[in-house]
>>> print(open('work28.pdb').read())   # PDB, C-alpha atoms
ATOM      1  CA  MET A   1     179.697  81.184  81.603  1.00  0.00           C
ATOM      2  CA  ASN A   2     181.711  83.146  79.022  1.00  0.00           C
ATOM      3  CA  GLY A   3     180.954  86.517  80.588  1.00  0.00           C
ATOM      4  CA  LEU A   4     179.192  87.937  77.530  1.00  0.00           C
ATOM      5  CA  ASN A   5     175.942  89.726  78.205  1.00  0.00           C
ATOM      6  CA  SER A   6     173.085  90.578  75.923  1.00  0.00           C
ATOM      7  CA  SER A   7     172.810  94.336  76.277  1.00  0.00           C
ATOM      8  CA  ALA A   8     169.224  94.295  74.992  1.00  0.00           C
ATOM      9  CA  HIS A   9     168.102  92.230  77.967  1.00  0.00           C
ATOM     10  CA  GLU A  10     170.638  93.220  80.621  1.00  0.00           C
ATOM     11  CA  GLY A  11     168.782  93.542  83.869  1.00  0.00           C
ATOM     12  CA  GLY A  12     165.859  91.679  82.281  1.00  0.00           C
ATOM     13  CA  TYR A  13     165.343  87.952  82.784  1.00  0.00           C
ATOM     14  CA  LYS A  14     169.022  87.470  83.692  1.00  0.00           C
ATOM     15  CA  SER A  15     168.455  89.472  86.872  1.00  0.00           C
ATOM     16  CA  LEU A  16     165.507  87.323  87.999  1.00  0.00           C
ATOM     17  CA  PRO A  17     166.276  85.157  91.042  1.00  0.00           C
ATOM     18  CA  PHE A  18     164.746  82.051  89.457  1.00  0.00           C
ATOM     19  CA  PHE A  19     166.802  82.526  86.276  1.00  0.00           C
ATOM     20  CA  LYS A  20     170.038  82.952  88.267  1.00  0.00           C
ATOM     21  CA  GLN A  21     169.151  79.872  90.304  1.00  0.00           C
ATOM     22  CA  SER A  22     168.338  77.858  87.168  1.00  0.00           C
ATOM     23  CA  GLU A  23     171.773  78.758  85.802  1.00  0.00           C
ATOM     24  CA  ILE A  24     173.395  77.515  89.020  1.00  0.00           C
ATOM     25  CA  ILE A  25     171.296  74.326  88.821  1.00  0.00           C
ATOM     26  CA  TYR A  26     172.445  73.749  85.238  1.00  0.00           C
ATOM     27  CA  ASP A  27     176.152  74.298  86.004  1.00  0.00           C
ATOM     28  CA  PHE A  28     175.990  72.177  89.169  1.00  0.00           C
ATOM     29  CA  THR A  29     174.134  69.375  87.367  1.00  0.00           C
ATOM     30  CA  VAL A  30     176.750  69.236  84.602  1.00  0.00           C
ATOM     31  CA  GLU A  31     179.433  68.782  87.243  1.00  0.00           C
ATOM     32  CA  PHE A  32     177.325  66.342  89.292  1.00  0.00           C
ATOM     33  CA  VAL A  33     176.711  63.954  86.391  1.00  0.00           C
ATOM     34  CA  GLU A  34     180.391  64.077  85.391  1.00  0.00           C
ATOM     35  CA  LYS A  35     181.353  63.008  88.923  1.00  0.00           C
ATOM     36  CA  TYR A  36     178.587  60.614  89.926  1.00  0.00           C
ATOM     37  CA  ILE A  37     176.659  59.252  86.925  1.00  0.00           C
ATOM     38  CA  ASP A  38     178.130  56.574  84.668  1.00  0.00           C
ATOM     39  CA  TYR A  39     179.141  58.119  81.345  1.00  0.00           C
ATOM     40  CA  LYS A  40     177.180  55.424  79.478  1.00  0.00           C
ATOM     41  CA  SER A  41     173.998  56.085  81.418  1.00  0.00           C
ATOM     42  CA  ARG A  42     171.106  57.706  79.609  1.00  0.00           C
ATOM     43  CA  THR A  43     170.252  59.418  82.905  1.00  0.00           C
ATOM     44  CA  LYS A  44     173.379  61.566  82.559  1.00  0.00           C
ATOM     45  CA  ASP A  45     172.149  63.183  79.342  1.00  0.00           C
ATOM     46  CA  GLN A  46     168.569  63.446  80.603  1.00  0.00           C
ATOM     47  CA  MET A  47     169.607  65.265  83.772  1.00  0.00           C
ATOM     48  CA  VAL A  48     171.732  67.748  81.848  1.00  0.00           C
ATOM     49  CA  GLN A  49     168.941  68.313  79.313  1.00  0.00           C
ATOM     50  CA  ALA A  50     166.333  68.827  82.045  1.00  0.00           C
ATOM     51  CA  ALA A  51     168.600  71.361  83.789  1.00  0.00           C
ATOM     52  CA  ARG A  52     169.309  73.106  80.476  1.00  0.00           C
ATOM     53  CA  SER A  53     165.632  73.141  79.550  1.00  0.00           C
ATOM     54  CA  GLY A  54     164.743  74.743  82.880  1.00  0.00           C
ATOM     55  CA  LYS A  55     167.186  77.578  82.254  1.00  0.00           C
ATOM     56  CA  GLN A  56     166.625  78.061  78.527  1.00  0.00           C
ATOM     57  CA  ASN A  57     162.830  78.061  78.701  1.00  0.00           C
ATOM     58  CA  ILE A  58     162.895  80.837  81.280  1.00  0.00           C
ATOM     59  CA  ALA A  59     165.033  82.904  78.907  1.00  0.00           C
ATOM     60  CA  GLU A  60     162.865  82.109  75.897  1.00  0.00           C
ATOM     61  CA  GLY A  61     159.659  82.716  77.858  1.00  0.00           C
ATOM     62  CA  TYR A  62     160.791  86.192  78.827  1.00  0.00           C
ATOM     63  CA  LEU A  63     161.351  87.079  75.181  1.00  0.00           C
ATOM     64  CA  GLN A  64     157.745  86.240  74.289  1.00  0.00           C
ATOM     65  CA  LYS A  65     155.414  89.112  73.513  1.00  0.00           C
ATOM     66  CA  SER A  66     152.319  87.202  74.574  1.00  0.00           C
ATOM     67  CA  PHE A  67     151.246  86.119  78.040  1.00  0.00           C
ATOM     68  CA  GLU A  68     150.287  82.768  76.515  1.00  0.00           C
ATOM     69  CA  GLY A  69     153.797  82.213  75.177  1.00  0.00           C
ATOM     70  CA  LYS A  70     155.399  83.284  78.430  1.00  0.00           C
ATOM     71  CA  LEU A  71     153.086  81.048  80.473  1.00  0.00           C
ATOM     72  CA  LYS A  72     153.735  78.072  78.203  1.00  0.00           C
ATOM     73  CA  LEU A  73     157.518  78.364  78.317  1.00  0.00           C
ATOM     74  CA  LEU A  74     157.694  79.113  82.041  1.00  0.00           C
ATOM     75  CA  GLY A  75     155.500  76.038  82.522  1.00  0.00           C
ATOM     76  CA  VAL A  76     157.939  73.977  80.450  1.00  0.00           C
ATOM     77  CA  ALA A  77     160.816  75.313  82.565  1.00  0.00           C
ATOM     78  CA  ARG A  78     158.919  74.374  85.718  1.00  0.00           C
ATOM     79  CA  GLY A  79     158.226  70.880  84.379  1.00  0.00           C
ATOM     80  CA  SER A  80     161.867  70.360  83.414  1.00  0.00           C
ATOM     81  CA  LEU A  81     163.052  71.344  86.865  1.00  0.00           C
ATOM     82  CA  GLU A  82     160.488  69.010  88.443  1.00  0.00           C
ATOM     83  CA  GLU A  83     161.847  66.181  86.294  1.00  0.00           C
ATOM     84  CA  LEU A  84     165.377  67.014  87.444  1.00  0.00           C
ATOM     85  CA  LEU A  85     164.218  67.146  91.072  1.00  0.00           C
ATOM     86  CA  ASN A  86     162.914  63.591  90.713  1.00  0.00           C
ATOM     87  CA  ASP A  87     166.227  62.474  89.185  1.00  0.00           C
ATOM     88  CA  TYR A  88     168.137  63.773  92.213  1.00  0.00           C
ATOM     89  CA  GLN A  89     165.654  62.140  94.603  1.00  0.00           C
ATOM     90  CA  ASP A  90     165.922  58.877  92.648  1.00  0.00           C
ATOM     91  CA  TYR A  91     169.716  59.050  92.817  1.00  0.00           C
ATOM     92  CA  LEU A  92     169.654  59.335  96.606  1.00  0.00           C
ATOM     93  CA  ARG A  93     167.087  56.556  96.987  1.00  0.00           C
ATOM     94  CA  GLN A  94     168.847  54.177  94.591  1.00  0.00           C
ATOM     95  CA  HIS A  95     172.200  54.728  96.300  1.00  0.00           C
ATOM     96  CA  GLN A  96     170.706  54.359  99.793  1.00  0.00           C
ATOM     97  CA  LEU A  97     171.694  57.919 100.684  1.00  0.00           C
ATOM     98  CA  LEU A  98     169.765  60.168 103.034  1.00  0.00           C
ATOM     99  CA  ILE A  99     167.228  62.620 101.653  1.00  0.00           C
ATOM    100  CA  TRP A 100     167.471  65.515 104.064  1.00  0.00           C
ATOM    101  CA  ASP A 101     164.480  66.862 105.912  1.00  0.00           C
ATOM    102  CA  LYS A 102     164.010  70.578 105.246  1.00  0.00           C
ATOM    103  CA  ASN A 103     165.012  71.300 108.854  1.00  0.00           C
ATOM    104  CA  ASN A 104     168.226  69.260 108.717  1.00  0.00           C
ATOM    105  CA  PRO A 105     171.065  71.550 109.925  1.00  0.00           C
ATOM    106  CA  GLN A 106     172.941  71.143 106.618  1.00  0.00           C
ATOM    107  CA  ALA A 107     169.760  71.872 104.679  1.00  0.00           C
ATOM    108  CA  LEU A 108     169.170  75.053 106.676  1.00  0.00           C
ATOM    109  CA  VAL A 109     172.651  76.331 105.752  1.00  0.00           C
ATOM    110  CA  ILE A 110     172.035  75.652 102.053  1.00  0.00           C
ATOM    111  CA  ARG A 111     168.526  77.119 102.143  1.00  0.00           C
ATOM    112  CA  LYS A 112     169.946  80.413 103.455  1.00  0.00           C
ATOM    113  CA  ILE A 113     172.193  80.837 100.388  1.00  0.00           C
ATOM    114  CA  ALA A 114     169.127  81.622  98.255  1.00  0.00           C
ATOM    115  CA  TYR A 115     168.575  84.769 100.295  1.00  0.00           C
ATOM    116  CA  LYS A 116     171.922  86.258  99.297  1.00  0.00           C
ATOM    117  CA  ILE A 117     171.452  89.105  96.845  1.00  0.00           C
ATOM    118  CA  TYR A 118     174.509  88.216  94.752  1.00  0.00           C
ATOM    119  CA  LYS A 119     174.649  84.451  94.658  1.00  0.00           C
ATOM    120  CA  SER A 120     176.525  82.376  92.133  1.00  0.00           C
ATOM    121  CA  TYR A 121     177.640  78.851  91.406  1.00  0.00           C
ATOM    122  CA  ASN A 122     180.617  79.484  93.716  1.00  0.00           C
ATOM    123  CA  ASP A 123     178.216  79.686  96.671  1.00  0.00           C
ATOM    124  CA  TYR A 124     177.168  76.071  96.028  1.00  0.00           C
ATOM    125  CA  LYS A 125     180.193  74.380  94.439  1.00  0.00           C
ATOM    126  CA  ASN A 126     181.757  73.254  97.730  1.00  0.00           C
ATOM    127  CA  ASN A 127     178.736  70.977  98.160  1.00  0.00           C
ATOM    128  CA  ILE A 128     179.661  68.832  95.139  1.00  0.00           C
ATOM    129  CA  ASN A 129     182.331  66.752  96.932  1.00  0.00           C
ATOM    130  CA  SER A 130     179.894  64.269  98.456  1.00  0.00           C
ATOM    131  CA  PRO A 131     177.114  62.715  96.327  1.00  0.00           C
ATOM    132  CA  GLU A 132     174.644  62.923  99.236  1.00  0.00           C
ATOM    133  CA  THR A 133     175.404  66.581  99.929  1.00  0.00           C
ATOM    134  CA  ALA A 134     175.442  67.433  96.222  1.00  0.00           C
ATOM    135  CA  ALA A 135     172.083  65.822  95.439  1.00  0.00           C
ATOM    136  CA  ASN A 136     170.447  67.308  98.530  1.00  0.00           C
ATOM    137  CA  THR A 137     171.856  70.734  97.658  1.00  0.00           C
ATOM    138  CA  MET A 138     170.189  70.534  94.255  1.00  0.00           C
ATOM    139  CA  ILE A 139     166.919  69.261  95.741  1.00  0.00           C
ATOM    140  CA  ILE A 140     166.850  72.334  97.992  1.00  0.00           C
ATOM    141  CA  LEU A 141     167.743  74.776  95.218  1.00  0.00           C
ATOM    142  CA  ILE A 142     165.309  73.222  92.725  1.00  0.00           C
ATOM    143  CA  ASN A 143     162.492  73.376  95.305  1.00  0.00           C
ATOM    144  CA  GLN A 144     163.276  77.038  95.978  1.00  0.00           C
ATOM    145  CA  THR A 145     163.418  77.811  92.258  1.00  0.00           C
ATOM    146  CA  ASN A 146     160.176  75.952  91.560  1.00  0.00           C
ATOM    147  CA  SER A 147     158.477  77.899  94.326  1.00  0.00           C
ATOM    148  CA  LEU A 148     159.561  81.179  92.697  1.00  0.00           C
ATOM    149  CA  LEU A 149     158.451  79.938  89.268  1.00  0.00           C
ATOM    150  CA  ASP A 150     155.061  78.900  90.668  1.00  0.00           C
ATOM    151  CA  GLN A 151     154.635  82.400  92.070  1.00  0.00           C
ATOM    152  CA  LYS A 152     155.611  83.994  88.740  1.00  0.00           C
ATOM    153  CA  LEU A 153     153.203  81.710  86.869  1.00  0.00           C
ATOM    154  CA  ARG A 154     150.352  82.740  89.198  1.00  0.00           C
ATOM    155  CA  TRP A 155     151.150  86.443  88.756  1.00  0.00           C
ATOM    156  CA  THR A 156     151.403  86.094  84.972  1.00  0.00           C
ATOM    157  CA  GLN A 157     148.053  84.281  84.828  1.00  0.00           C
ATOM    158  CA  GLU A 158     146.435  87.012  86.945  1.00  0.00           C
ATOM    159  CA  LYS A 159     147.912  89.715  84.720  1.00  0.00           C
ATOM    160  CA  PHE A 160     146.624  87.914  81.627  1.00  0.00           C
ATOM    161  CA  VAL A 161     143.120  87.727  83.104  1.00  0.00           C
ATOM    162  CA  LYS A 162     143.168  91.451  83.955  1.00  0.00           C
ATOM    163  CA  GLU A 163     144.888  92.823  80.846  1.00  0.00           C
ATOM    164  CA  GLY A 164     144.139  90.287  78.123  1.00  0.00           C
ATOM    165  CA  GLY A 165     146.500  88.651  75.710  1.00  0.00           C
ATOM    166  CA  PHE A 166     148.765  89.992  72.979  1.00  0.00           C
ATOM    167  CA  ARG A 167     146.381  89.187  70.097  1.00  0.00           C
ATOM    168  CA  GLU A 168     143.403  90.466  72.038  1.00  0.00           C
ATOM    169  CA  ASN A 169     145.135  93.805  72.671  1.00  0.00           C
ATOM    170  CA  LEU A 170     146.298  94.082  69.062  1.00  0.00           C
ATOM    171  CA  PHE A 171     142.732  93.515  67.921  1.00  0.00           C
ATOM    172  CA  LYS A 172     141.513  96.293  70.266  1.00  0.00           C
ATOM    173  CA  LYS A 173     144.121  98.681  68.834  1.00  0.00           C
ATOM    174  CA  ARG A 174     143.178  97.716  65.284  1.00  0.00           C
ATOM    175  CA  LYS A 175     139.490  98.243  66.052  1.00  0.00           C
ATOM    176  CA  GLU A 176     140.224 101.667  67.578  1.00  0.00           C
ATOM    177  CA  TYR A 177     142.244 102.610  64.508  1.00  0.00           C
ATOM    178  CA  LEU A 178     139.472 101.548  62.123  1.00  0.00           C
ATOM    179  CA  GLU A 179     136.895 103.512  64.133  1.00  0.00           C
ATOM    180  CA  LYS A 180     139.009 106.673  63.757  1.00  0.00           C
ATOM    181  CA  CYS A 181     139.249 106.319  59.980  1.00  0.00           C
TER     182      CYS A 181
END
>>> encode(input="work28.pdb", output="structure tokens")
Amino acid sequence: MNGLNSSAHEGGYKSLPFFKQSEIIYDFTVEFVEKYIDYKSRTKDQMVQAARSGKQNIAEGYLQKSFEGKLKLLGVARGSLEELLNDYQDYLRQHQLLIWDKNNPQALVIRKIAYKIYKSYNDYKNNINSPETAANTMIILINQTNSLLDQKLRWTQEKFVKEGGFRENLFKKRKEYLEKC
């Protein structure tokens, strides 16, 4: 939010659609809980922490050298976002608000935002003014983000199977070195 960028990773994980979306989810969730969740409620902190964990574990996972580390942290991110998804669904159910069908006209408008190349929190923030619209907006965005994360997890697992892990490849290099000596 402060506009500072890490030059070492510019264009890296920060350019990934699921990272950008997780950042929007985090910012939106912070605003959502301020508006709609009682300040004394433990749910408020849990929702913010789940949203933060989704975003931060993607970043940390991309800094891992090993496939195992990346898979673990992307899995944690995925789990955190799933937890947050359930919190938004619970909110709607407990407040007798409508959970939109994926083909609801409002849902279709929100779903299309994800296809914008340069999307930001500003593309979603107008949906915060109604608790029903806000929660459904996050349900849509979390589902889209989880779908992208699931795809990345599958690809990373396939790459690990084909190429081996960090330690395995280091051992191969060490063995090759010793054979040359």
>>> axis_aligned_box(input="work28.pdb", around="range 29-41 of chain A", padding_each_side="5 Å", output="AutoDock Vina command-line options")
--center_x 177.7 --center_y 62.4 --center_z 84.7 --size_x 17.4 --size_y 24.0 --size_z 20.4
>>> resolve_selection(input="work28.pdb", expression="the PyMOL selection byres ((chain A and resi 136) around 10)", output="number ranges by chain")
A: 85, 88-89, 92, 97-102, 106-107, 110, 127-128, 130-135, 137-142
>>> closest_atom_pairs(input="work28.pdb", of="range 109-181 of chain A", to="range 12-23 of chain A", cutoff="7 Å", atoms="only C-alpha atoms", output="tab-separated table")
residue	atom	partner	partner_atom	distance
A:Thr145	CA	A:Phe18	CA	5.3
A:Leu148	CA	A:Phe18	CA	6.2
A:Leu149	CA	A:Phe18	CA	6.6
>>> closest_residue(input="work28.pdb", among="A:Leu71, A:Val161, A:Val109, A:Val76", to="Asp123 in chain A", atoms="all atoms listed in the file")
A:Val109
>>> atom_distance(input="work28.pdb", atom1="CA of Asp87 in chain A", atom2="CA of Met47 in chain A")
7.0 Å
>>> atom_distance(input="work28.pdb", atom1="CA of Leu153 in chain A", atom2="CA of Leu74 in chain A")
7.1 Å
>>> atom_distance(input="work28.pdb", atom1="CA of Glu176 in chain A", atom2="CA of Glu163 in chain A")
16.6 Å
>>> closest_residue(input="work28.pdb", among="A:Ala50, A:Ala77, A:Leu63, A:Ala114", to="Tyr26 in chain A", atoms="all atoms listed in the file")
A:Ala50
>>> closest_residue(input="work28.pdb", among="A:Lys44, A:Ser80, A:Tyr36, A:Gln94", to="Asn57 in chain A", atoms="only C-alpha atoms")
A:Ser80
>>> decode(input="work28.pdb", residues="range 55-79 of chain A", atoms="N, CA and C atoms", output="compact mmCIF listing (two decimals), in the first residue's frame")
# COMPACT_ATOMS: atom_id res chain seq x y z
N LYS A 55 -2.11 -13.83 1.41
CA LYS A 55 -1.20 -12.97 0.65
C LYS A 55 0.26 -13.24 1.02
N GLN A 56 0.57 -13.26 2.29
CA GLN A 56 1.96 -13.37 2.73
C GLN A 56 2.57 -14.73 2.39
N ASN A 57 1.79 -15.78 2.45
CA ASN A 57 2.34 -17.11 2.14
C ASN A 57 2.62 -17.29 0.66
N ILE A 58 1.90 -16.57 -0.19
CA ILE A 58 2.24 -16.58 -1.61
C ILE A 58 3.61 -15.93 -1.78
N ALA A 59 3.79 -14.77 -1.17
CA ALA A 59 5.07 -14.07 -1.27
C ALA A 59 6.20 -14.93 -0.73
N GLU A 60 6.02 -15.48 0.45
CA GLU A 60 7.07 -16.30 1.07
C GLU A 60 7.34 -17.57 0.25
N GLY A 61 6.29 -18.17 -0.27
CA GLY A 61 6.44 -19.37 -1.09
C GLY A 61 7.27 -19.12 -2.33
N TYR A 62 7.10 -17.95 -2.93
CA TYR A 62 7.86 -17.65 -4.14
C TYR A 62 9.32 -17.34 -3.86
N LEU A 63 9.67 -17.12 -2.63
CA LEU A 63 11.07 -16.88 -2.28
C LEU A 63 11.80 -18.17 -1.90
N GLN A 64 11.06 -19.27 -1.85
CA GLN A 64 11.66 -20.56 -1.51
C GLN A 64 12.49 -21.10 -2.68
N LYS A 65 13.60 -21.70 -2.36
CA LYS A 65 14.43 -22.32 -3.38
C LYS A 65 13.90 -23.71 -3.77
N SER A 66 13.24 -24.36 -2.84
CA SER A 66 12.80 -25.73 -3.08
C SER A 66 11.34 -25.78 -3.52
N PHE A 67 11.05 -26.79 -4.36
CA PHE A 67 9.66 -27.03 -4.74
C PHE A 67 8.83 -27.37 -3.51
N GLU A 68 9.44 -28.15 -2.60
CA GLU A 68 8.71 -28.56 -1.39
C GLU A 68 8.27 -27.35 -0.58
N GLY A 69 9.19 -26.39 -0.41
CA GLY A 69 8.88 -25.18 0.35
C GLY A 69 7.81 -24.35 -0.33
N LYS A 70 7.94 -24.23 -1.64
CA LYS A 70 6.95 -23.47 -2.42
C LYS A 70 5.58 -24.13 -2.32
N LEU A 71 5.55 -25.45 -2.52
CA LEU A 71 4.28 -26.18 -2.43
C LEU A 71 3.63 -26.02 -1.06
N LYS A 72 4.45 -26.14 -0.02
CA LYS A 72 3.92 -26.04 1.34
C LYS A 72 3.29 -24.67 1.57
N LEU A 73 4.02 -23.61 1.23
CA LEU A 73 3.52 -22.27 1.52
C LEU A 73 2.36 -21.86 0.61
N LEU A 74 2.39 -22.29 -0.64
CA LEU A 74 1.23 -22.02 -1.50
C LEU A 74 0.01 -22.79 -1.00
N GLY A 75 0.24 -23.98 -0.45
CA GLY A 75 -0.86 -24.74 0.16
C GLY A 75 -1.42 -24.05 1.39
N VAL A 76 -0.55 -23.45 2.18
CA VAL A 76 -1.00 -22.68 3.36
C VAL A 76 -1.81 -21.47 2.90
N ALA A 77 -1.33 -20.79 1.86
CA ALA A 77 -2.07 -19.64 1.32
C ALA A 77 -3.46 -20.08 0.86
N ARG A 78 -3.50 -21.20 0.17
CA ARG A 78 -4.78 -21.73 -0.34
C ARG A 78 -5.72 -22.05 0.81
N GLY A 79 -5.18 -22.68 1.85
CA GLY A 79 -5.99 -23.02 3.02
C GLY A 79 -6.50 -21.78 3.75
